[in-house]
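K.L.:
Have a look at this one.
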Amino acid sequence: MFLKQSLLRGGLPFEVVMPQPNKYTLEAADEVRDQIKSGEKGTKDAASFFAELDSLEA
């Protein structure tokens with residue numbers, strides 16, 4: 001079916017677009033850039049991250 005549609009349309013049978021991040025993703029990326037620029041240290045692995053997250057919730 002893919003091949004048949006490709007031949008009928010003379011190309012891909014769907015639109016090819018670059019995904020656009022939503023505003024929350026852009027804000028998160030900005031936050032990470034700010035943390036890196038400020039020299040703020042993150043966690044070294046997932047276990048450390050979740051331990052730190054648990055301590056914030058307590």
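Starting from 1 in every chain, residues are counted up; chains themselves are A, B, ... following the order of the structure tokens, and ligands are numbered from 1 as listed.
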May I have all residues of chain A that DSSP, computed from the backbone, assigns to alpha helix (DSSP H), given as a VMD selection string?
P.N.:
chain A and resid 2 to 9 23 to 38 46 to 57
K.L.:
Produce a file of the selected residues containing N, CA, C and O atoms, as a compact mmCIF listing (two decimals), in the first residue's frame.
P.N.:
# COMPACT_ATOMS: atom_id res chain seq x y z
N PHE A 2 1.96 1.23 0.80
CA PHE A 2 2.86 2.39 0.83
C PHE A 2 3.45 2.66 -0.55
O PHE A 2 3.46 3.80 -1.02
N LEU A 3 3.93 1.60 -1.18
CA LEU A 3 4.55 1.76 -2.50
C LEU A 3 3.54 2.27 -3.51
O LEU A 3 3.82 3.20 -4.28
N LYS A 4 2.33 1.71 -3.50
CA LYS A 4 1.30 2.13 -4.45
C LYS A 4 0.96 3.60 -4.26
O LYS A 4 0.88 4.36 -5.24
N GLN A 5 0.76 4.03 -3.03
CA GLN A 5 0.44 5.43 -2.76
C GLN A 5 1.61 6.34 -3.15
O GLN A 5 1.41 7.44 -3.66
N SER A 6 2.84 5.89 -2.89
CA SER A 6 4.01 6.69 -3.26
C SER A 6 4.06 6.91 -4.77
O SER A 6 4.35 8.01 -5.24
N LEU A 7 3.77 5.87 -5.51
CA LEU A 7 3.78 5.98 -6.98
C LEU A 7 2.64 6.85 -7.47
O LEU A 7 2.82 7.66 -8.39
N LEU A 8 1.46 6.70 -6.87
CA LEU A 8 0.32 7.51 -7.29
C LEU A 8 0.53 9.00 -7.01
O LEU A 8 0.15 9.86 -7.80
N ARG A 9 1.16 9.30 -5.89
CA ARG A 9 1.37 10.70 -5.49
C ARG A 9 2.67 11.29 -6.04
O ARG A 9 2.90 12.49 -5.96
N LYS A 23 5.39 25.19 24.25
CA LYS A 23 5.98 26.23 25.11
C LYS A 23 6.58 25.64 26.38
O LYS A 23 7.57 26.15 26.89
N TYR A 24 6.02 24.53 26.89
CA TYR A 24 6.55 23.92 28.11
C TYR A 24 7.92 23.29 27.86
O TYR A 24 8.81 23.39 28.70
N THR A 25 8.08 22.67 26.70
CA THR A 25 9.37 22.10 26.35
C THR A 25 10.42 23.19 26.17
O THR A 25 11.56 23.07 26.62
N LEU A 26 10.03 24.29 25.52
CA LEU A 26 10.96 25.41 25.33
C LEU A 26 11.35 26.03 26.67
O LEU A 26 12.52 26.36 26.89
N GLU A 27 10.39 26.16 27.59
CA GLU A 27 10.69 26.70 28.92
C GLU A 27 11.64 25.78 29.68
O GLU A 27 12.56 26.24 30.36
N ALA A 28 11.43 24.46 29.57
CA ALA A 28 12.31 23.51 30.24
C ALA A 28 13.73 23.59 29.68
O ALA A 28 14.71 23.55 30.43
N ALA A 29 13.84 23.72 28.37
CA ALA A 29 15.17 23.84 27.74
C ALA A 29 15.86 25.12 28.19
O ALA A 29 17.07 25.12 28.47
N ASP A 30 15.11 26.22 28.29
CA ASP A 30 15.68 27.48 28.78
C ASP A 30 16.17 27.33 30.21
O ASP A 30 17.22 27.85 30.58
N GLU A 31 15.38 26.63 31.03
CA GLU A 31 15.75 26.43 32.43
C GLU A 31 17.06 25.65 32.54
O GLU A 31 17.94 26.00 33.33
N VAL A 32 17.21 24.62 31.73
CA VAL A 32 18.44 23.83 31.75
C VAL A 32 19.62 24.67 31.29
O VAL A 32 20.70 24.63 31.90
N ARG A 33 19.43 25.47 30.24
CA ARG A 33 20.52 26.35 29.78
C ARG A 33 20.94 27.32 30.88
O ARG A 33 22.13 27.55 31.08
N ASP A 34 19.96 27.89 31.59
CA ASP A 34 20.27 28.82 32.68
C ASP A 34 21.04 28.11 33.79
O ASP A 34 21.98 28.67 34.36
N GLN A 35 20.66 26.88 34.11
CA GLN A 35 21.36 26.12 35.15
C GLN A 35 22.80 25.83 34.74
O GLN A 35 23.72 25.94 35.55
N ILE A 36 22.99 25.50 33.48
CA ILE A 36 24.35 25.21 33.00
C ILE A 36 25.19 26.48 33.04
O ILE A 36 26.34 26.46 33.49
N LYS A 37 24.63 27.61 32.59
CA LYS A 37 25.38 28.87 32.59
C LYS A 37 25.75 29.31 34.00
O LYS A 37 26.81 29.88 34.22
N SER A 38 24.86 29.05 34.97
CA SER A 38 25.12 29.49 36.34
C SER A 38 26.08 28.56 37.07
O SER A 38 26.52 28.87 38.17
N ALA A 46 20.50 8.66 37.80
CA ALA A 46 19.06 8.64 38.05
C ALA A 46 18.75 8.39 39.53
O ALA A 46 17.85 9.01 40.10
N ALA A 47 19.51 7.51 40.18
CA ALA A 47 19.26 7.21 41.59
C ALA A 47 19.45 8.46 42.45
O ALA A 47 18.65 8.73 43.35
N SER A 48 20.50 9.23 42.16
CA SER A 48 20.74 10.47 42.90
C SER A 48 19.62 11.47 42.66
O SER A 48 19.19 12.18 43.56
N PHE A 49 19.16 11.54 41.42
CA PHE A 49 18.08 12.46 41.08
C PHE A 49 16.83 12.14 41.87
O PHE A 49 16.21 13.02 42.47
N PHE A 50 16.44 10.86 41.89
CA PHE A 50 15.21 10.49 42.59
C PHE A 50 15.36 10.62 44.10
O PHE A 50 14.41 10.97 44.79
N ALA A 51 16.55 10.38 44.63
CA ALA A 51 16.79 10.59 46.06
C ALA A 51 16.63 12.06 46.42
O ALA A 51 16.01 12.41 47.42
N GLU A 52 17.16 12.94 45.58
CA GLU A 52 17.02 14.38 45.79
C GLU A 52 15.56 14.81 45.67
O GLU A 52 15.06 15.61 46.47
N LEU A 53 14.87 14.26 44.70
CA LEU A 53 13.45 14.56 44.51
C LEU A 53 12.64 14.12 45.73
O LEU A 53 11.78 14.87 46.20
N ASP A 54 12.93 12.94 46.25
CA ASP A 54 12.23 12.45 47.45
C ASP A 54 12.49 13.36 48.65
O ASP A 54 11.59 13.62 49.44
N SER A 55 13.71 13.88 48.77
CA SER A 55 14.03 14.75 49.91
C SER A 55 13.29 16.08 49.82
O SER A 55 12.98 16.68 50.83
N LEU A 56 13.00 16.53 48.61
CA LEU A 56 12.26 17.78 48.44
C LEU A 56 10.80 17.61 48.80
O LEU A 56 10.16 18.56 49.28
N GLU A 57 10.26 16.43 48.60
CA GLU A 57 8.84 16.17 48.88
C GLU A 57 8.59 15.93 50.36
O GLU A 57 7.46 16.02 50.80
K.L.:
How many Å separate CA of Asn22 (chain A) from CA of Gly42 (chain A)?
P.N.:
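CA of Gly42 (chain A) lies at a distance of 24.2 Å from CA of Asn22 (chain A).
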